[in-house]
>>> print(open('run.cif').read())   # mmCIF, N, CA and C atoms
data_upload
loop_
_atom_site.label_atom_id
_atom_site.label_comp_id
_atom_site.auth_asym_id
_atom_site.auth_seq_id
_atom_site.Cartn_x
_atom_site.Cartn_y
_atom_site.Cartn_z
N MET A 1 -4.13 13.85 12.92
CA MET A 1 -3.04 12.96 12.56
C MET A 1 -2.21 13.59 11.44
N SER A 2 -0.97 13.25 11.40
CA SER A 2 -0.05 13.78 10.39
C SER A 2 -0.39 13.26 9.00
N GLN A 3 0.03 14.06 8.01
CA GLN A 3 -0.05 13.63 6.62
C GLN A 3 1.31 13.11 6.22
N TYR A 4 1.33 12.07 5.41
CA TYR A 4 2.57 11.46 4.94
C TYR A 4 2.57 11.47 3.42
N ILE A 5 3.69 11.85 2.85
CA ILE A 5 3.88 11.83 1.40
C ILE A 5 4.93 10.77 1.10
N LEU A 6 4.57 9.82 0.25
CA LEU A 6 5.52 8.79 -0.15
C LEU A 6 6.34 9.28 -1.33
N ASP A 7 7.66 9.24 -1.17
CA ASP A 7 8.56 9.56 -2.27
C ASP A 7 8.49 8.43 -3.30
N THR A 8 9.00 8.69 -4.47
CA THR A 8 8.91 7.72 -5.57
C THR A 8 9.51 6.38 -5.19
N ASP A 9 10.66 6.38 -4.51
CA ASP A 9 11.27 5.10 -4.15
C ASP A 9 10.35 4.28 -3.25
N CYS A 10 9.68 4.93 -2.32
CA CYS A 10 8.77 4.21 -1.41
C CYS A 10 7.48 3.79 -2.11
N VAL A 11 7.01 4.58 -3.06
CA VAL A 11 5.83 4.17 -3.82
C VAL A 11 6.13 2.89 -4.59
N THR A 12 7.28 2.85 -5.23
CA THR A 12 7.67 1.65 -5.98
C THR A 12 7.76 0.45 -5.06
N LEU A 13 8.38 0.61 -3.90
CA LEU A 13 8.47 -0.50 -2.95
C LEU A 13 7.07 -0.90 -2.45
N PHE A 14 6.22 0.07 -2.20
CA PHE A 14 4.85 -0.21 -1.75
C PHE A 14 4.09 -0.99 -2.82
N GLN A 15 4.27 -0.61 -4.08
CA GLN A 15 3.61 -1.31 -5.18
C GLN A 15 4.09 -2.76 -5.29
N HIS A 16 5.31 -3.02 -4.79
CA HIS A 16 5.87 -4.37 -4.80
C HIS A 16 5.72 -5.04 -3.43
N PHE A 17 4.80 -4.52 -2.62
CA PHE A 17 4.40 -5.12 -1.35
C PHE A 17 5.54 -5.24 -0.34
N HIS A 18 6.36 -4.19 -0.23
CA HIS A 18 7.40 -4.17 0.80
C HIS A 18 6.73 -4.32 2.16
N PRO A 19 7.13 -5.29 2.98
CA PRO A 19 6.39 -5.59 4.21
C PRO A 19 6.37 -4.46 5.23
N GLU A 20 7.47 -3.77 5.43
CA GLU A 20 7.50 -2.69 6.43
C GLU A 20 6.67 -1.50 5.99
N ILE A 21 6.77 -1.15 4.70
CA ILE A 21 5.99 -0.02 4.19
C ILE A 21 4.51 -0.35 4.24
N ALA A 22 4.15 -1.57 3.85
CA ALA A 22 2.74 -1.98 3.89
C ALA A 22 2.20 -1.94 5.32
N LYS A 23 3.01 -2.38 6.27
CA LYS A 23 2.58 -2.38 7.67
C LYS A 23 2.34 -0.96 8.18
N ARG A 24 3.27 -0.06 7.90
CA ARG A 24 3.12 1.33 8.34
C ARG A 24 1.93 2.00 7.66
N ALA A 25 1.78 1.76 6.37
CA ALA A 25 0.67 2.37 5.63
C ALA A 25 -0.67 1.90 6.18
N LYS A 26 -0.77 0.63 6.50
CA LYS A 26 -2.01 0.10 7.06
C LYS A 26 -2.31 0.74 8.41
N ALA A 27 -1.28 0.89 9.23
CA ALA A 27 -1.46 1.48 10.57
C ALA A 27 -1.88 2.94 10.48
N ILE A 28 -1.35 3.66 9.51
CA ILE A 28 -1.65 5.09 9.39
C ILE A 28 -2.99 5.34 8.70
N GLY A 29 -3.31 4.52 7.74
CA GLY A 29 -4.59 4.65 7.04
C GLY A 29 -4.46 5.42 5.73
N HIS A 30 -5.23 4.98 4.76
CA HIS A 30 -5.21 5.51 3.39
C HIS A 30 -5.44 7.03 3.35
N SER A 31 -6.30 7.53 4.19
CA SER A 31 -6.67 8.95 4.10
C SER A 31 -5.55 9.90 4.52
N ASN A 32 -4.51 9.39 5.15
CA ASN A 32 -3.40 10.23 5.59
C ASN A 32 -2.13 10.04 4.77
N ILE A 33 -2.22 9.26 3.70
CA ILE A 33 -1.06 8.98 2.85
C ILE A 33 -1.29 9.60 1.48
N PHE A 34 -0.28 10.32 1.00
CA PHE A 34 -0.38 11.06 -0.25
C PHE A 34 0.82 10.76 -1.15
N ILE A 35 0.61 11.01 -2.42
CA ILE A 35 1.66 10.86 -3.43
C ILE A 35 1.62 12.12 -4.28
N THR A 36 2.77 12.57 -4.74
CA THR A 36 2.81 13.80 -5.53
C THR A 36 2.70 13.50 -7.04
N THR A 37 2.33 14.53 -7.76
CA THR A 37 2.28 14.41 -9.22
C THR A 37 3.68 14.20 -9.79
N VAL A 38 4.71 14.55 -9.04
CA VAL A 38 6.09 14.29 -9.49
C VAL A 38 6.33 12.78 -9.58
N THR A 39 5.88 12.06 -8.56
CA THR A 39 6.03 10.60 -8.57
C THR A 39 5.22 10.00 -9.71
N LEU A 40 4.02 10.50 -9.92
CA LEU A 40 3.22 10.05 -11.06
C LEU A 40 4.00 10.27 -12.36
N GLN A 41 4.56 11.46 -12.53
CA GLN A 41 5.34 11.77 -13.72
C GLN A 41 6.52 10.81 -13.88
N GLU A 42 7.26 10.59 -12.80
CA GLU A 42 8.45 9.73 -12.88
C GLU A 42 8.07 8.30 -13.24
N GLN A 43 7.00 7.80 -12.64
CA GLN A 43 6.61 6.43 -12.95
C GLN A 43 6.06 6.29 -14.36
N LEU A 44 5.28 7.26 -14.80
CA LEU A 44 4.76 7.18 -16.18
C LEU A 44 5.90 7.29 -17.19
N GLN A 45 6.86 8.18 -16.94
CA GLN A 45 8.00 8.28 -17.85
C GLN A 45 8.76 6.97 -17.93
N GLY A 46 8.93 6.32 -16.78
CA GLY A 46 9.61 5.02 -16.76
C GLY A 46 8.84 3.97 -17.54
N ARG A 47 7.53 3.92 -17.32
CA ARG A 47 6.70 2.94 -18.04
C ARG A 47 6.76 3.18 -19.55
N LEU A 48 6.66 4.45 -19.95
CA LEU A 48 6.68 4.77 -21.38
C LEU A 48 8.04 4.47 -22.00
N ALA A 49 9.11 4.70 -21.26
CA ALA A 49 10.45 4.39 -21.76
C ALA A 49 10.59 2.88 -22.01
N VAL A 50 10.08 2.08 -21.09
CA VAL A 50 10.11 0.63 -21.26
C VAL A 50 9.29 0.22 -22.48
N MET A 51 8.14 0.85 -22.66
CA MET A 51 7.30 0.53 -23.82
C MET A 51 8.01 0.88 -25.12
N ASN A 52 8.66 2.04 -25.15
CA ASN A 52 9.38 2.44 -26.36
C ASN A 52 10.53 1.50 -26.67
N LYS A 53 11.24 1.08 -25.63
CA LYS A 53 12.36 0.14 -25.82
C LYS A 53 11.83 -1.21 -26.30
N ALA A 54 10.73 -1.66 -25.71
CA ALA A 54 10.14 -2.93 -26.13
C ALA A 54 9.68 -2.85 -27.58
N ASN A 55 9.09 -1.72 -27.95
CA ASN A 55 8.63 -1.51 -29.32
C ASN A 55 9.79 -1.66 -30.29
N ALA A 56 10.93 -1.06 -29.94
CA ALA A 56 12.06 -1.02 -30.85
C ALA A 56 12.90 -2.30 -30.83
N LYS A 57 13.12 -2.86 -29.64
CA LYS A 57 14.11 -3.95 -29.54
C LYS A 57 13.57 -5.27 -29.01
N HIS A 58 12.46 -5.23 -28.28
CA HIS A 58 11.95 -6.45 -27.65
C HIS A 58 10.43 -6.53 -27.78
N PRO A 59 9.92 -6.70 -29.00
CA PRO A 59 8.47 -6.72 -29.18
C PRO A 59 7.77 -7.80 -28.35
N ASP A 60 8.50 -8.85 -27.98
CA ASP A 60 7.92 -9.91 -27.17
C ASP A 60 7.59 -9.42 -25.75
N ARG A 61 8.16 -8.30 -25.34
CA ARG A 61 7.91 -7.74 -24.00
C ARG A 61 6.87 -6.61 -24.02
N LEU A 62 6.35 -6.31 -25.18
CA LEU A 62 5.43 -5.18 -25.32
C LEU A 62 4.13 -5.39 -24.55
N ALA A 63 3.57 -6.58 -24.56
CA ALA A 63 2.33 -6.84 -23.84
C ALA A 63 2.53 -6.65 -22.33
N ILE A 64 3.66 -7.10 -21.82
CA ILE A 64 3.96 -6.91 -20.39
C ILE A 64 4.09 -5.42 -20.09
N ALA A 65 4.74 -4.69 -20.96
CA ALA A 65 4.90 -3.25 -20.75
C ALA A 65 3.55 -2.55 -20.71
N HIS A 66 2.64 -2.96 -21.57
CA HIS A 66 1.30 -2.38 -21.57
C HIS A 66 0.52 -2.74 -20.30
N ARG A 67 0.65 -3.97 -19.85
CA ARG A 67 -0.01 -4.37 -18.60
C ARG A 67 0.53 -3.56 -17.42
N ASN A 68 1.84 -3.34 -17.39
CA ASN A 68 2.43 -2.56 -16.31
C ASN A 68 1.97 -1.11 -16.35
N LEU A 69 1.85 -0.56 -17.54
CA LEU A 69 1.34 0.81 -17.66
C LEU A 69 -0.10 0.88 -17.14
N GLN A 70 -0.91 -0.08 -17.52
CA GLN A 70 -2.30 -0.09 -17.06
C GLN A 70 -2.36 -0.24 -15.54
N ALA A 71 -1.54 -1.10 -14.97
CA ALA A 71 -1.52 -1.27 -13.51
C ALA A 71 -1.12 0.03 -12.82
N THR A 72 -0.18 0.74 -13.40
CA THR A 72 0.25 2.02 -12.83
C THR A 72 -0.90 3.03 -12.86
N LEU A 73 -1.60 3.09 -13.98
CA LEU A 73 -2.73 4.02 -14.09
C LEU A 73 -3.84 3.67 -13.09
N ILE A 74 -4.13 2.41 -12.94
CA ILE A 74 -5.14 1.99 -11.97
C ILE A 74 -4.70 2.36 -10.56
N TYR A 75 -3.44 2.16 -10.25
CA TYR A 75 -2.92 2.51 -8.93
C TYR A 75 -3.16 3.99 -8.63
N TYR A 76 -2.83 4.85 -9.59
CA TYR A 76 -2.96 6.29 -9.37
C TYR A 76 -4.41 6.78 -9.32
N CYS A 77 -5.32 5.98 -9.81
CA CYS A 77 -6.75 6.33 -9.68
C CYS A 77 -7.25 6.09 -8.26
N ASN A 78 -6.46 5.41 -7.44
CA ASN A 78 -6.89 5.03 -6.11
C ASN A 78 -6.02 5.60 -4.99
N VAL A 79 -5.27 6.64 -5.26
CA VAL A 79 -4.42 7.25 -4.24
C VAL A 79 -4.79 8.73 -4.08
N ASN A 80 -4.33 9.29 -2.98
CA ASN A 80 -4.48 10.73 -2.75
C ASN A 80 -3.31 11.43 -3.42
N LEU A 81 -3.60 12.21 -4.43
CA LEU A 81 -2.55 12.83 -5.25
C LEU A 81 -2.45 14.32 -4.92
N LEU A 82 -1.21 14.76 -4.64
CA LEU A 82 -0.97 16.17 -4.37
C LEU A 82 -0.27 16.82 -5.56
N PRO A 83 -0.77 17.96 -6.02
CA PRO A 83 -0.17 18.62 -7.18
C PRO A 83 0.97 19.55 -6.80
N PHE A 84 1.72 19.92 -7.80
CA PHE A 84 2.72 20.98 -7.67
C PHE A 84 1.99 22.28 -8.02
N ASP A 85 1.38 22.89 -7.02
CA ASP A 85 0.55 24.06 -7.24
C ASP A 85 1.34 25.35 -6.95
N ASP A 86 0.66 26.49 -6.97
CA ASP A 86 1.33 27.78 -6.76
C ASP A 86 1.99 27.87 -5.40
N ALA A 87 1.36 27.36 -4.37
CA ALA A 87 1.95 27.40 -3.03
C ALA A 87 3.23 26.57 -2.97
N ALA A 88 3.21 25.40 -3.60
CA ALA A 88 4.42 24.56 -3.64
C ALA A 88 5.49 25.22 -4.49
N TYR A 89 5.07 25.89 -5.56
CA TYR A 89 6.05 26.60 -6.39
C TYR A 89 6.75 27.68 -5.59
N PHE A 90 6.05 28.37 -4.72
CA PHE A 90 6.66 29.37 -3.85
C PHE A 90 7.75 28.73 -2.98
N HIS A 91 7.44 27.59 -2.36
CA HIS A 91 8.44 26.88 -1.55
C HIS A 91 9.61 26.41 -2.41
N TYR A 92 9.30 25.93 -3.59
CA TYR A 92 10.34 25.47 -4.52
C TYR A 92 11.31 26.59 -4.87
N GLN A 93 10.77 27.76 -5.19
CA GLN A 93 11.62 28.91 -5.52
C GLN A 93 12.49 29.30 -4.31
N ASN A 94 11.90 29.26 -3.12
CA ASN A 94 12.64 29.57 -1.90
C ASN A 94 13.79 28.58 -1.71
N LEU A 95 13.53 27.30 -1.93
CA LEU A 95 14.57 26.29 -1.79
C LEU A 95 15.67 26.47 -2.84
N ARG A 96 15.29 26.83 -4.04
CA ARG A 96 16.29 27.07 -5.09
C ARG A 96 17.18 28.26 -4.74
N GLN A 97 16.58 29.30 -4.16
CA GLN A 97 17.36 30.47 -3.76
C GLN A 97 18.36 30.11 -2.67
N GLN A 98 18.04 29.09 -1.87
CA GLN A 98 18.96 28.64 -0.84
C GLN A 98 20.07 27.75 -1.40
N LYS A 99 20.00 27.47 -2.70
CA LYS A 99 20.99 26.67 -3.41
C LYS A 99 21.16 25.27 -2.81
N ILE A 100 20.05 24.66 -2.50
CA ILE A 100 20.06 23.29 -1.98
C ILE A 100 20.38 22.35 -3.14
N ARG A 101 21.39 21.54 -2.96
CA ARG A 101 21.93 20.70 -4.02
C ARG A 101 21.31 19.31 -4.02
N ILE A 102 20.08 19.23 -4.53
CA ILE A 102 19.45 17.93 -4.78
C ILE A 102 18.76 18.04 -6.13
N GLY A 103 18.32 16.91 -6.66
CA GLY A 103 17.68 16.90 -7.96
C GLY A 103 16.41 17.74 -8.00
N THR A 104 16.08 18.22 -9.18
CA THR A 104 14.92 19.08 -9.35
C THR A 104 13.63 18.41 -8.87
N ASN A 105 13.41 17.15 -9.28
CA ASN A 105 12.19 16.47 -8.85
C ASN A 105 12.14 16.29 -7.34
N ASP A 106 13.27 15.97 -6.74
CA ASP A 106 13.31 15.85 -5.28
C ASP A 106 13.04 17.19 -4.62
N LEU A 107 13.53 18.25 -5.19
CA LEU A 107 13.28 19.59 -4.64
C LEU A 107 11.79 19.94 -4.74
N ILE A 108 11.16 19.55 -5.83
CA ILE A 108 9.72 19.80 -5.99
C ILE A 108 8.93 18.97 -4.98
N ILE A 109 9.30 17.71 -4.80
CA ILE A 109 8.62 16.87 -3.81
C ILE A 109 8.78 17.47 -2.42
N ALA A 110 9.98 17.93 -2.09
CA ALA A 110 10.21 18.56 -0.79
C ALA A 110 9.34 19.81 -0.64
N ALA A 111 9.23 20.60 -1.70
CA ALA A 111 8.40 21.81 -1.65
C ALA A 111 6.93 21.47 -1.41
N ILE A 112 6.46 20.41 -2.04
CA ILE A 112 5.07 19.99 -1.83
C ILE A 112 4.89 19.54 -0.38
N ALA A 113 5.84 18.79 0.14
CA ALA A 113 5.76 18.33 1.54
C ALA A 113 5.77 19.52 2.50
N LEU A 114 6.62 20.50 2.25
CA LEU A 114 6.66 21.69 3.10
C LEU A 114 5.34 22.46 3.02
N THR A 115 4.80 22.57 1.85
CA THR A 115 3.53 23.28 1.66
C THR A 115 2.42 22.68 2.51
N HIS A 116 2.41 21.36 2.58
CA HIS A 116 1.34 20.66 3.30
C HIS A 116 1.74 20.30 4.73
N GLN A 117 2.93 20.73 5.13
CA GLN A 117 3.47 20.39 6.46
C GLN A 117 3.36 18.89 6.71
N ALA A 118 3.72 18.14 5.68
CA ALA A 118 3.63 16.69 5.71
C ALA A 118 4.99 16.08 5.99
N ILE A 119 4.96 14.83 6.41
CA ILE A 119 6.18 14.05 6.62
C ILE A 119 6.48 13.31 5.32
N LEU A 120 7.70 13.47 4.83
CA LEU A 120 8.10 12.79 3.60
C LEU A 120 8.66 11.42 3.95
N VAL A 121 8.11 10.39 3.34
CA VAL A 121 8.57 9.03 3.55
C VAL A 121 9.49 8.67 2.39
N THR A 122 10.77 8.42 2.71
CA THR A 122 11.76 8.19 1.68
C THR A 122 12.93 7.38 2.22
N LYS A 123 13.60 6.67 1.34
CA LYS A 123 14.87 6.04 1.69
C LYS A 123 16.02 7.01 1.45
N ASN A 124 15.76 8.07 0.72
CA ASN A 124 16.79 9.01 0.29
C ASN A 124 17.03 10.10 1.35
N GLN A 125 17.47 9.69 2.51
CA GLN A 125 17.72 10.65 3.58
C GLN A 125 18.93 11.54 3.26
N LYS A 126 19.87 11.00 2.52
CA LYS A 126 21.08 11.77 2.18
C LYS A 126 20.73 13.11 1.52
N ASP A 127 19.84 13.07 0.55
CA ASP A 127 19.47 14.30 -0.16
C ASP A 127 18.43 15.11 0.61
N PHE A 128 17.39 14.45 1.07
CA PHE A 128 16.30 15.19 1.70
C PHE A 128 16.68 15.80 3.05
N ASN A 129 17.71 15.28 3.70
CA ASN A 129 18.19 15.91 4.94
C ASN A 129 18.78 17.29 4.69
N LYS A 130 19.07 17.62 3.46
CA LYS A 130 19.62 18.94 3.11
C LYS A 130 18.54 20.02 3.10
N VAL A 131 17.28 19.62 3.14
CA VAL A 131 16.17 20.57 3.04
C VAL A 131 15.77 21.01 4.45
N PRO A 132 15.95 22.30 4.76
CA PRO A 132 15.59 22.78 6.10
C PRO A 132 14.10 22.61 6.39
N ASP A 133 13.82 22.23 7.63
CA ASP A 133 12.45 22.11 8.15
C ASP A 133 11.63 20.99 7.51
N LEU A 134 12.25 20.14 6.73
CA LEU A 134 11.53 19.02 6.12
C LEU A 134 11.58 17.83 7.06
N SER A 135 10.41 17.30 7.40
CA SER A 135 10.33 16.10 8.24
C SER A 135 10.36 14.88 7.34
N ILE A 136 11.26 13.95 7.65
CA ILE A 136 11.35 12.73 6.84
C ILE A 136 11.36 11.50 7.74
N GLU A 137 10.88 10.40 7.16
CA GLU A 137 10.91 9.10 7.80
C GLU A 137 11.27 8.06 6.75
N ASP A 138 11.91 6.99 7.20
CA ASP A 138 12.21 5.86 6.33
C ASP A 138 11.42 4.66 6.83
N TRP A 139 10.40 4.28 6.09
CA TRP A 139 9.54 3.17 6.49
C TRP A 139 10.09 1.82 6.08
N THR A 140 11.23 1.79 5.43
CA THR A 140 11.78 0.49 5.02
C THR A 140 12.51 -0.19 6.18
N LEU A 141 12.75 0.56 7.24
CA LEU A 141 13.46 0.02 8.39
C LEU A 141 12.47 -0.60 9.36
N ALA A 142 12.85 -1.74 9.92
CA ALA A 142 11.95 -2.42 10.88
C ALA A 142 11.90 -1.68 12.20
#
>>> encode(input="run.cif", output="structure tokens")
Amino acid sequence: MSQYILDTDCVTLFQHFHPEIAKRAKAIGHSNIFITTVTLQEQLQGRLAVMNKANAKHPDRLAIAHRNLQATLIYYCNVNLLPFDDAAYFHYQNLRQQKIRIGTNDLIIAAIALTHQAILVTKNQKDFNKVPDLSIEDWTLA
């Protein structure tokens, strides 16, 4: 069976129980669904930014920010995580040499997907369609 990598946008929707993503994920099974360390980085940076803002301007929201950070950490302890390793770095460098115009994190996620010959699940078809040989699907559509 194919391997699927959820892009950050789809991970966020999955965490908020998006019905179509949840249905597809259940049908495919946990062992074939992966998330990259890039998505982990993006979500942790977002959580920490909210905590810093709450600390400075909205102390009443600090407890919620801490609960959300803890929920994010628990989530990542229970997923299949793919790193940005040397093989993915090779693909990343190749994509950069091709001058593909998408964000750095998206380029790294694409490189990881190419390394593992995985299907990238994303709503961001506009950018990821620019990456040659990258298989993508949008699970938000019925």
>>> residues_near_point(input="run.cif", point="(7.2, 5.3, -15.5)", cutoff="12 Å", atoms="only C-alpha atoms", output="ChimeraX atom specification")
/A:8,11-12,38-52,65-66,68-73,76
>>> atom_distance(input="run.cif", atom1="atom N of Val121 in chain A", atom2="atom N of Gln97 in chain A")
22.0 Å
>>> atom_distance(input="run.cif", atom1="atom N of Thr122 in chain A", atom2="CA of Asp9 in chain A")
7.6 Å
>>> resolve_selection(input="run.cif", expression="the PyMOL selection byres ((chain A and resi 137) around 5)", output="PyMOL selection string")
chain A and resi 120-122+135-136+138-139
>>> residues_around(input="run.cif", residues="Ile102 in chain A", least_positions_apart="4", cutoff="6 Å", atoms="all atoms listed in the file", output="VMD selection string")
chain A and resid 106 to 107 127
>>> residues_around(input="run.cif", residues="Ile21 in chain A", least_positions_apart="4", cutoff="7 Å", atoms="all atoms listed in the file", output="list of chain:residue names")
A:Leu13, A:Phe14, A:Phe17, A:Ala25, A:Lys26, A:Trp139, A:Thr140, A:Leu141
>>> residues_around(input="run.cif", residues="Leu95 in chain A", least_positions_apart="6", cutoff="9 Å", atoms="only C-alpha atoms", output="PyMOL selection string")
chain A and resi 107+110-111+131-132
>>> write_last_selection(input="run.cif", atoms="N, CA and C atoms", output="CSV table (one decimal), in the frame of the given file")
chain,number,residue,atom,x,y,z
A,107,LEU,N,13.5,18.2,-5.2
A,107,LEU,CA,13.3,19.6,-4.6
A,107,LEU,C,11.8,19.9,-4.7
A,110,ALA,N,10.0,17.9,-2.1
A,110,ALA,CA,10.2,18.6,-0.8
A,110,ALA,C,9.3,19.8,-0.6
A,111,ALA,N,9.2,20.6,-1.7
A,111,ALA,CA,8.4,21.8,-1.6
A,111,ALA,C,6.9,21.5,-1.4
A,131,VAL,N,17.3,19.6,3.1
A,131,VAL,CA,16.2,20.6,3.0
A,131,VAL,C,15.8,21.0,4.4
A,132,PRO,N,16.0,22.3,4.8
A,132,PRO,CA,15.6,22.8,6.1
A,132,PRO,C,14.1,22.6,6.4
>>> select_by_dssp(input="run.cif", residues="chain A", states="alpha helix (DSSP H)", output="PyMOL selection string")
chain A and resi 8-15+19-28+37-57+62-76+86-97+104-115+125-128
>>> atom_distance(input="run.cif", atom1="atom C of Phe84 in chain A", atom2="CA of Ile112 in chain A")
7.3 Å
>>> closest_residue(input="run.cif", among="A:Ala63, A:Ile5, A:Ala118, A:Leu134", to="Leu81 in chain A", atoms="only C-alpha atoms")
A:Ile5
>>> closest_residue(input="run.cif", among="A:Arg96, A:Lys53, A:His91, A:His58", to="His116 in chain A", atoms="only C-alpha atoms")
A:His91
